[in-house]
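Quick look at work38.cif (mmCIF, C-alpha atoms and all ligand atoms):
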data_model
loop_
_atom_site.label_atom_id
_atom_site.label_comp_id
_atom_site.auth_asym_id
_atom_site.auth_seq_id
_atom_site.Cartn_x
_atom_site.Cartn_y
_atom_site.Cartn_z
CA MET A 568 114.17 -74.06 -106.05
CA LYS A 569 110.57 -73.70 -107.05
CA ARG A 570 110.35 -70.40 -105.24
CA ALA A 571 113.46 -69.29 -107.13
CA PHE A 572 111.69 -70.02 -110.38
CA LEU A 573 108.74 -67.93 -109.33
CA LEU A 574 111.00 -65.07 -108.40
CA ALA A 575 112.90 -65.20 -111.65
CA ALA A 576 109.59 -64.88 -113.41
CA SER A 577 108.47 -62.02 -111.25
CA LEU A 578 111.62 -60.02 -111.95
CA LEU A 579 110.40 -59.48 -115.47
CA ALA A 580 107.55 -57.14 -114.79
CA THR A 581 106.21 -57.47 -118.27
CA ALA A 582 106.74 -61.19 -118.53
CA THR A 583 103.70 -63.32 -118.94
CA VAL A 584 103.44 -65.85 -116.15
CA THR A 585 101.13 -68.60 -117.23
CA GLU A 586 98.82 -70.20 -114.75
CA ALA A 587 100.40 -73.55 -115.51
CA ALA A 588 103.83 -72.20 -114.60
CA ALA A 589 102.62 -70.61 -111.39
CA GLU A 590 100.88 -73.80 -110.32
CA LYS A 591 104.23 -75.59 -110.41
CA THR A 592 105.37 -73.43 -107.52
CA VAL A 593 103.57 -75.23 -104.70
CA PRO A 594 106.21 -75.42 -101.97
CA PRO A 595 107.14 -78.80 -100.58
CA MET A 596 106.86 -78.03 -96.86
CA ALA A 597 103.66 -78.83 -94.99
CA LYS A 598 103.54 -75.89 -92.62
CA PRO A 599 105.67 -73.14 -94.04
CA PHE A 600 106.19 -69.82 -92.36
CA GLY A 601 108.16 -66.81 -93.41
CA LEU A 602 108.04 -63.26 -94.59
CA VAL A 603 108.72 -60.95 -97.51
CA LEU A 604 109.73 -57.31 -97.22
CA HIS A 605 110.37 -54.32 -99.45
CA GLY A 606 112.13 -50.99 -99.07
CA GLY A 607 110.66 -49.23 -102.10
CA ALA A 608 110.77 -49.42 -105.87
CA GLY A 609 112.12 -46.98 -108.45
CA VAL A 610 115.09 -46.15 -110.65
CA ILE A 611 117.52 -48.15 -108.59
CA ARG A 612 120.41 -49.15 -110.85
CA ARG A 613 123.67 -50.85 -110.10
CA GLN A 614 125.65 -48.22 -112.02
CA ASP A 615 124.29 -45.49 -109.71
CA MET A 616 125.23 -47.19 -106.47
CA SER A 617 128.62 -47.59 -104.83
CA PRO A 618 129.47 -51.00 -103.35
CA GLU A 619 129.51 -49.37 -99.89
CA LEU A 620 126.01 -48.00 -100.26
CA GLU A 621 124.72 -51.26 -101.66
CA ALA A 622 126.22 -53.03 -98.65
CA GLN A 623 124.39 -50.64 -96.30
CA TYR A 624 121.06 -51.34 -97.97
CA ARG A 625 121.63 -55.07 -97.96
CA ALA A 626 122.66 -55.05 -94.31
CA LYS A 627 119.59 -53.12 -93.17
CA LEU A 628 117.19 -55.19 -95.27
CA THR A 629 118.78 -58.36 -93.92
CA GLU A 630 118.54 -57.11 -90.33
CA ALA A 631 114.85 -56.23 -90.74
CA ARG A 632 114.05 -59.48 -92.52
CA ASP A 633 115.81 -61.58 -89.89
CA ALA A 634 114.18 -59.67 -87.02
CA GLY A 635 110.76 -60.45 -88.49
CA TYR A 636 111.74 -64.04 -89.17
CA ALA A 637 112.94 -64.52 -85.59
CA VAL A 638 109.49 -63.50 -84.36
CA LEU A 639 107.91 -66.19 -86.54
CA ALA A 640 110.51 -68.82 -85.69
CA ASN A 641 109.79 -68.24 -81.99
CA GLY A 642 106.10 -68.87 -82.57
CA GLY A 643 105.11 -65.20 -82.82
CA THR A 644 102.30 -63.91 -84.99
CA ALA A 645 102.47 -62.60 -88.53
CA LEU A 646 101.35 -59.23 -87.18
CA ASP A 647 104.24 -59.10 -84.71
CA ALA A 648 106.68 -60.08 -87.44
CA VAL A 649 105.42 -57.28 -89.71
CA ILE A 650 105.78 -54.77 -86.87
CA ALA A 651 109.32 -55.96 -86.07
CA ALA A 652 110.54 -55.71 -89.68
CA VAL A 653 108.82 -52.43 -90.56
CA THR A 654 109.90 -50.72 -87.32
CA LEU A 655 113.56 -51.41 -88.13
CA LEU A 656 113.15 -49.98 -91.62
CA GLU A 657 111.31 -46.93 -90.24
CA ASN A 658 114.22 -46.30 -87.88
CA SER A 659 116.77 -46.39 -90.71
CA PRO A 660 117.50 -43.15 -92.61
CA LEU A 661 118.06 -45.19 -95.79
CA PHE A 662 114.34 -45.60 -96.47
CA ASN A 663 111.43 -43.27 -97.05
CA ALA A 664 109.54 -44.11 -93.87
CA GLY A 665 109.97 -42.84 -90.32
CA LYS A 666 113.49 -41.38 -90.03
CA GLY A 667 114.66 -40.41 -93.52
CA ALA A 668 111.13 -39.83 -94.85
CA VAL A 669 110.80 -37.48 -97.80
CA LEU A 670 109.79 -33.84 -97.24
CA ASP A 671 106.55 -32.28 -98.40
CA SER A 672 106.42 -28.89 -100.16
CA GLU A 673 106.56 -27.11 -96.77
CA GLY A 674 109.70 -29.00 -95.78
CA ILE A 675 107.80 -31.18 -93.31
CA CYS A 676 107.70 -34.96 -93.00
CA GLU A 677 104.13 -36.25 -93.07
CA LEU A 678 103.92 -39.96 -92.53
CA ASP A 679 101.38 -42.61 -93.55
CA ALA A 680 101.14 -46.25 -92.49
CA SER A 681 98.71 -49.15 -92.39
CA ILE A 682 98.48 -52.72 -91.21
CA MET A 683 96.01 -55.57 -91.73
CA ASP A 684 95.42 -58.87 -89.97
CA GLY A 685 94.51 -61.61 -92.45
CA ALA A 686 92.92 -63.78 -89.75
CA THR A 687 90.25 -61.27 -88.75
CA GLN A 688 90.43 -58.68 -91.51
CA ALA A 689 90.93 -56.09 -88.80
CA ALA A 690 92.86 -53.11 -90.14
CA GLY A 691 94.38 -49.88 -88.88
CA ALA A 692 95.92 -46.86 -90.59
CA VAL A 693 97.27 -43.38 -89.94
CA ALA A 694 97.90 -40.62 -92.45
CA GLY A 695 99.64 -37.27 -92.31
CA VAL A 696 101.19 -37.71 -88.87
CA GLN A 697 104.20 -35.52 -88.11
CA HIS A 698 105.41 -36.57 -84.68
CA ILE A 699 105.04 -40.34 -84.44
CA LYS A 700 108.41 -42.11 -84.46
CA ASN A 701 106.95 -45.41 -85.67
CA PRO A 702 103.70 -44.87 -87.57
CA ILE A 703 103.29 -48.63 -88.15
CA LYS A 704 102.87 -49.09 -84.38
CA LEU A 705 100.22 -46.39 -84.22
CA ALA A 706 98.42 -48.00 -87.17
CA ARG A 707 98.32 -51.22 -85.15
CA ASP A 708 96.96 -49.36 -82.13
CA VAL A 709 94.24 -47.80 -84.29
CA MET A 710 93.34 -51.35 -85.30
CA GLU A 711 93.44 -52.84 -81.82
CA LYS A 712 92.57 -49.97 -79.47
CA SER A 713 90.07 -47.87 -81.39
CA PRO A 714 86.79 -48.67 -83.10
CA HIS A 715 88.13 -47.06 -86.28
CA VAL A 716 90.28 -48.08 -89.22
CA MET A 717 91.93 -44.79 -90.18
CA LEU A 718 92.93 -41.70 -88.22
CA ILE A 719 94.63 -38.67 -89.72
CA GLY A 720 96.86 -35.76 -88.70
CA GLN A 721 96.34 -34.10 -85.35
CA GLY A 722 93.51 -36.44 -84.39
CA ALA A 723 95.76 -39.45 -84.86
CA GLU A 724 98.43 -37.76 -82.72
CA GLN A 725 95.89 -36.94 -80.03
CA PHE A 726 94.95 -40.62 -79.98
CA ALA A 727 98.65 -41.49 -79.68
CA ARG A 728 99.06 -39.08 -76.76
CA GLN A 729 96.14 -40.71 -74.97
CA LEU A 730 97.88 -44.04 -75.33
CA GLY A 731 101.03 -42.58 -73.78
CA TYR A 732 103.11 -42.21 -76.96
CA GLU A 733 106.00 -39.82 -76.66
CA LEU A 734 105.74 -37.52 -79.66
CA VAL A 735 109.00 -36.62 -81.44
CA SER A 736 109.98 -33.37 -83.14
CA ASN A 737 109.46 -33.34 -86.90
CA ASP A 738 113.20 -32.62 -87.21
CA TYR A 739 113.88 -36.16 -86.01
CA PHE A 740 112.74 -37.48 -89.40
CA LYS A 741 114.63 -35.02 -91.62
CA THR A 742 117.94 -35.83 -93.27
CA ASP A 743 120.19 -33.68 -95.47
CA MET A 744 119.63 -36.02 -98.37
CA ARG A 745 115.86 -35.46 -98.24
CA ARG A 746 116.34 -31.68 -97.87
CA LYS A 747 118.43 -31.70 -101.05
CA GLN A 748 115.86 -33.80 -102.84
CA LEU A 749 113.17 -31.28 -101.98
CA GLU A 750 115.34 -28.40 -103.21
CA ARG A 751 115.83 -30.19 -106.50
CA ALA A 752 112.16 -31.05 -106.84
CA LYS A 753 111.26 -27.39 -106.31
CA ALA A 754 113.88 -26.25 -108.82
CA GLU A 755 112.50 -28.69 -111.37
CA GLU A 756 109.00 -27.48 -110.66
CA LYS A 757 110.07 -23.88 -111.35
CA THR A 758 111.85 -24.69 -114.56
CA GLY A 759 108.95 -26.83 -115.71
CA ARG A 760 111.09 -29.94 -115.93
CA LYS A 761 109.34 -33.13 -115.19
CA ALA A 762 109.13 -33.78 -111.45
CA GLY A 763 111.48 -36.53 -110.44
CA THR A 764 113.69 -36.15 -113.50
CA MET A 765 117.21 -36.83 -112.49
CA LEU A 766 119.46 -33.84 -113.06
CA GLU A 767 123.06 -34.89 -112.80
CA GLU A 768 124.20 -31.28 -112.88
CA HIS A 769 122.41 -30.59 -109.61
CA LEU A 770 124.58 -33.09 -107.87
CA ASP A 771 127.64 -30.84 -108.35
CA GLY A 772 129.98 -33.80 -108.02
CA ASN A 773 128.74 -33.89 -104.46
CA ASP A 774 127.53 -37.43 -104.28
CA PRO A 775 130.51 -39.78 -104.10
CA ASN A 776 128.45 -42.78 -102.99
CA GLY A 777 125.63 -42.20 -105.42
CA PHE A 778 123.18 -41.85 -102.53
CA LEU A 779 121.32 -38.90 -103.99
CA ARG A 780 121.24 -40.39 -107.47
CA VAL A 781 119.89 -43.65 -106.18
CA ASN A 782 117.19 -42.05 -104.11
CA GLU A 783 116.15 -39.41 -106.62
CA HIS A 784 113.90 -41.70 -108.56
CA LYS A 785 112.81 -44.22 -106.09
CA TYR A 786 109.71 -44.16 -104.03
CA GLY A 787 111.22 -45.84 -100.98
CA THR A 788 108.21 -46.88 -98.99
CA VAL A 789 108.74 -49.90 -96.74
CA GLY A 790 106.48 -52.89 -96.22
CA CYS A 791 106.28 -56.46 -95.04
CA VAL A 792 103.94 -59.41 -95.53
CA ALA A 793 104.16 -62.47 -93.29
CA LEU A 794 102.80 -65.97 -92.83
CA ASP A 795 103.06 -67.42 -89.32
CA ARG A 796 103.13 -70.99 -88.00
CA ALA A 797 99.40 -70.87 -87.33
CA GLY A 798 98.80 -70.12 -91.02
CA ASN A 799 97.78 -66.50 -90.46
CA LEU A 800 98.74 -63.73 -92.86
CA ALA A 801 99.44 -60.05 -92.15
CA ALA A 802 100.58 -57.04 -94.18
CA GLY A 803 101.96 -53.63 -93.25
CA THR A 804 103.22 -50.59 -95.14
CA SER A 805 104.83 -47.32 -94.00
CA THR A 806 105.93 -44.24 -95.96
CA GLY A 807 106.74 -40.56 -96.08
CA GLY A 808 104.84 -40.42 -99.37
CA MET A 809 106.33 -38.46 -102.27
CA THR A 810 108.81 -35.57 -102.23
CA ASN A 811 107.25 -32.09 -102.54
CA LYS A 812 103.72 -33.41 -101.97
CA LYS A 813 101.16 -30.69 -101.31
CA PHE A 814 97.73 -29.95 -99.88
CA GLY A 815 97.65 -32.88 -97.47
CA ARG A 816 98.26 -35.38 -100.25
CA VAL A 817 97.92 -39.00 -99.14
CA GLY A 818 99.08 -41.93 -101.27
CA ASP A 819 98.15 -45.59 -101.35
CA SER A 820 100.24 -46.79 -98.42
CA PRO A 821 97.67 -46.11 -95.66
CA ILE A 822 94.71 -47.05 -97.85
CA ILE A 823 93.47 -50.55 -97.08
CA GLY A 824 92.90 -52.31 -100.39
CA ALA A 825 95.32 -50.07 -102.29
CA GLY A 826 98.75 -50.19 -100.58
CA THR A 827 97.99 -52.88 -98.01
CA TYR A 828 95.67 -55.86 -97.75
CA ALA A 829 95.56 -59.21 -95.96
CA ASN A 830 93.05 -62.02 -95.85
CA ASN A 831 93.85 -65.59 -94.83
CA ALA A 832 91.54 -66.83 -97.56
CA THR A 833 93.75 -65.34 -100.25
CA CYS A 834 96.94 -63.40 -99.63
CA ALA A 835 98.75 -60.51 -97.95
CA VAL A 836 100.04 -57.62 -100.08
CA SER A 837 102.15 -54.49 -99.53
CA ALA A 838 102.72 -52.07 -102.39
CA THR A 839 105.20 -49.36 -103.28
CA GLY A 840 105.15 -46.96 -106.16
CA TRP A 841 103.33 -43.98 -107.54
CA GLY A 842 100.46 -44.00 -105.05
CA GLU A 843 97.82 -42.28 -107.14
CA PHE A 844 97.86 -45.14 -109.63
CA PHE A 845 97.83 -47.77 -106.94
CA ILE A 846 94.74 -46.16 -105.41
CA ARG A 847 92.99 -45.95 -108.78
CA VAL A 848 93.61 -49.61 -109.51
CA GLY A 849 92.91 -50.74 -105.95
CA VAL A 850 96.04 -52.84 -106.26
CA ALA A 851 96.23 -54.88 -103.07
CA ARG A 852 92.56 -55.82 -102.95
CA ASP A 853 92.49 -56.55 -106.69
CA ILE A 854 95.24 -59.16 -106.29
CA ALA A 855 93.27 -60.83 -103.48
CA ALA A 856 90.00 -60.54 -105.40
CA GLN A 857 91.42 -62.34 -108.42
CA MET A 858 92.42 -65.21 -106.18
CA GLU A 859 89.07 -65.16 -104.40
CA TYR A 860 86.74 -64.86 -107.38
CA LYS A 861 88.65 -66.73 -110.05
CA GLY A 862 91.13 -68.92 -108.22
CA VAL A 863 94.00 -67.20 -110.01
CA PRO A 864 97.43 -68.14 -108.56
CA LEU A 865 99.17 -65.42 -106.56
CA ALA A 866 101.96 -64.70 -109.05
CA VAL A 867 99.55 -64.39 -111.96
CA ALA A 868 97.23 -62.10 -110.01
CA ALA A 869 100.11 -59.87 -108.88
CA GLU A 870 101.56 -59.58 -112.39
CA SER A 871 98.23 -58.81 -113.98
CA VAL A 872 97.33 -56.11 -111.45
CA LEU A 873 100.71 -54.46 -111.87
CA ALA A 874 100.05 -54.50 -115.62
CA LYS A 875 96.90 -52.45 -114.93
CA VAL A 876 99.06 -49.89 -113.10
CA ALA A 877 101.49 -49.83 -116.04
CA ALA A 878 98.63 -49.42 -118.53
CA LEU A 879 97.68 -46.19 -116.74
CA LYS A 880 101.38 -45.20 -116.95
CA GLY A 881 102.01 -45.68 -113.26
CA ASP A 882 104.98 -47.54 -111.83
CA GLY A 883 106.07 -49.40 -108.73
CA GLY A 884 105.87 -52.90 -107.34
CA VAL A 885 104.28 -55.19 -104.80
CA ILE A 886 105.27 -57.97 -102.45
CA ALA A 887 102.70 -60.65 -101.82
CA ILE A 888 102.41 -63.99 -100.05
CA ASP A 889 99.65 -66.57 -99.85
CA ARG A 890 98.77 -69.13 -97.20
CA ALA A 891 100.82 -71.86 -98.85
CA GLY A 892 103.92 -69.69 -98.77
CA HIS A 893 103.95 -68.72 -102.44
CA VAL A 894 105.70 -65.41 -103.01
CA ALA A 895 105.38 -62.77 -105.72
CA MET A 896 107.55 -59.64 -105.92
CA PRO A 897 106.85 -58.07 -109.34
CA PHE A 898 107.78 -54.48 -110.20
CA ASN A 899 107.88 -52.39 -113.35
CA THR A 900 110.65 -50.04 -112.22
CA ALA A 901 114.40 -50.57 -112.66
CA GLY A 902 114.72 -51.98 -109.17
CA MET A 903 113.03 -52.66 -105.87
CA TYR A 904 114.63 -53.24 -102.49
CA ARG A 905 113.23 -56.60 -101.50
CA GLY A 906 113.85 -59.86 -99.72
CA PHE A 907 112.34 -62.88 -98.04
CA ARG A 908 113.11 -65.69 -95.66
CA PHE A 909 111.18 -68.94 -95.22
CA SER A 910 111.18 -71.96 -92.92
CA ASP A 911 112.27 -74.20 -95.82
CA GLY A 912 115.62 -72.40 -95.74
CA THR A 913 115.06 -70.23 -98.81
CA GLN A 914 116.08 -66.60 -98.40
CA THR A 915 117.21 -63.68 -100.48
CA ILE A 916 117.89 -59.95 -100.53
CA GLU A 917 117.68 -58.28 -103.94
CA ILE A 918 117.89 -54.70 -105.14
CA PHE A 919 118.18 -54.49 -108.89
CA GLY A 920 115.99 -55.78 -111.66
CA ALA A 921 116.88 -58.22 -114.39
CA ALA A 922 119.21 -56.73 -117.00
CA LYS A 923 117.20 -55.60 -119.97
N1 LIG B 1001 103.34 -45.37 -102.61
C1 LIG B 1001 103.87 -44.29 -101.84
C2 LIG B 1001 103.00 -43.07 -102.03
O1 LIG B 1001 102.53 -42.84 -103.11
C3 LIG B 1001 105.25 -43.94 -102.23
C4 LIG B 1001 106.19 -45.10 -102.24
O2 LIG B 1001 105.81 -46.23 -102.49
O3 LIG B 1001 107.36 -44.90 -101.98
O4 LIG B 1001 102.85 -42.32 -101.08
#

With the file now loaded, output its structure as structure tokens.
Ligand code: ASP
Amino acid sequence: MKRAFLLAASLLATATVTEAAAEKTVPPMAKPFGLVLHGGAGVIRRQDMSPELEAQYRAKLTEARDAGYAVLANGGTALDAVIAAVTLLENSPLFNAGKGAVLDSEGICELDASIMDGATQAAGAVAGVQHIKNPIKLARDVMEKSPHVMLIGQGAEQFARQLGYELVSNDYFKTDMRRKQLERAKAEEKTGRKAGTMLEEHLDGNDPNGFLRVNEHKYGTVGCVALDRAGNLAAGTSTGGMTNKKFGRVGDSPIIGAGTYANNATCAVSATGWGEFFIRVGVARDIAAQMEYKGVPLAVAAESVLAKVAALKGDGGVIAIDRAGHVAMPFNTAGMYRGFRFSDGTQTIEIFGAAK
């Protein structure tokens, strides 16, 4: 009930959440555990999505959420829960991570991912990998099996090979939908129309389910934040980045402190949105820092940091959880694929924003 109130507040990205209101959200259970996940934010509107497609998204989000929850319910760690949920989303062509990732300007999928352990503040990340089926797993191996935090491109893949990873062809990640998106992005670039502008005429009546329309304007990164029975937090994020990206562009998702952050003392955060803005604001760490330095409640910190992104004219959203099991899922886009499940029985899967 109290969590529901917090969520209702967080749906209104521009709403002011007072500290007094957020403080009312202390959950009743003594030792909560659970997780929150997202599958990207963007122009995701009910009128653009067929009931069948919506059902597919809901089913996959539910499957990933419940897989992560099962890990926690069985006494597993927050890190393992994050890996379980994100791996399932990476393997689904519906989301912009792993299979179904967006294409860069060369028509190649270049993948970024990161993970952080709130108990130790250990972190791992990979960027620009082209042949790793589940980048979130490699990010974890960077964290646990290397002395480094971030490995990129061929070096990251060499590290994976040493660990015995089977590398996959880049074609494994590509889908027709993403190929079409790249074609449209290039056409828009040529005609000088704003990148990402939705051009109905390009769809040629060829999109009965609204799949292309729905995905045209969404970022589609996936992420998960979890709180385990031991009270440890973890966060992970995985993405293909942004369609038609060039010159080895890397967004916020693999940047610790921007797209991902976890610290037991404060919170765990995974972001999605226009990565350049999330890097400039230092979104994930800023949310934690507000809690750490000023004792600001999670929901207030998350809202205020997203407002900084909006002030720079960036958009997107975050999911965040603190040690007491408070949840925040604010976004300033039309929708965000998102959901959670907790040991007090509360659970949800949501896609669209509040009607405006
Ligand atoms: N934040 C990601 C990036 O900029 C994109 C996304 O969230 O979908 O690479």

Which residue of A:Gly862, A:Gly720, A:Gly635, A:Gly842 approaches ligand LIG 1001 (chain B) most closely, using only C-alpha atoms and all ligand atoms: A:Gly842

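With distances taken over all atoms listed in the file, A:Thr687 is the one residue among A:Thr788, A:Ser659, A:Gln697, A:Thr687 lying closest to Glu711 in chain A.
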
Env. residues ligand LIG 1001 (chain B) / 8 Å / all atoms listed in the file / as a list in words: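 The residues within 8 Å of ligand LIG 1001 (chain B), counting all atoms listed in the file, are Gly607, Ala608, Asn663, Asp679, Lys785, Tyr786, Gly787, Thr788, Val789, Thr806, Gly807, Gly808, Met809, Val817, Gly818, Asp819, Ser820, Gly826, Ala838, Thr839, Gly840, Trp841, Gly842, Glu843, Phe845 and Gly883 of chain A.
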
Kindly export the residues of the current selection with C-alpha atoms, as a CSV table (one decimal), in the coordinates of the input.
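Final file, again-v1.csv:
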chain,number,residue,atom,x,y,z
A,607,GLY,CA,110.7,-49.2,-102.1
A,608,ALA,CA,110.8,-49.4,-105.9
A,663,ASN,CA,111.4,-43.3,-97.0
A,679,ASP,CA,101.4,-42.6,-93.6
A,785,LYS,CA,112.8,-44.2,-106.1
A,786,TYR,CA,109.7,-44.2,-104.0
A,787,GLY,CA,111.2,-45.8,-101.0
A,788,THR,CA,108.2,-46.9,-99.0
A,789,VAL,CA,108.7,-49.9,-96.7
A,806,THR,CA,105.9,-44.2,-96.0
A,807,GLY,CA,106.7,-40.6,-96.1
A,808,GLY,CA,104.8,-40.4,-99.4
A,809,MET,CA,106.3,-38.5,-102.3
A,817,VAL,CA,97.9,-39.0,-99.1
A,818,GLY,CA,99.1,-41.9,-101.3
A,819,ASP,CA,98.2,-45.6,-101.4
A,820,SER,CA,100.2,-46.8,-98.4
A,826,GLY,CA,98.8,-50.2,-100.6
A,838,ALA,CA,102.7,-52.1,-102.4
A,839,THR,CA,105.2,-49.4,-103.3
A,840,GLY,CA,105.2,-47.0,-106.2
A,841,TRP,CA,103.3,-44.0,-107.5
A,842,GLY,CA,100.5,-44.0,-105.0
A,843,GLU,CA,97.8,-42.3,-107.1
A,845,PHE,CA,97.8,-47.8,-106.9
A,883,GLY,CA,106.1,-49.4,-108.7

For CA of Leu705 in chain A and CA of Arg728 in chain A, the interatomic separation in Å (one decimal): 10.5 Å

Option closest in space to Ser713 in chain A, from A:Asn737, A:Gln729, A:Asn701, A:Ser910 [counting all atoms listed in the file]: A:Gln729

Nearest candidate to Gln688 in chain A (options A:Leu873, A:Leu602, A:Ala835, A:Val649; using all atoms listed in the file):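 Of all the options, A:Ala835 lies closest to Gln688 in chain A.
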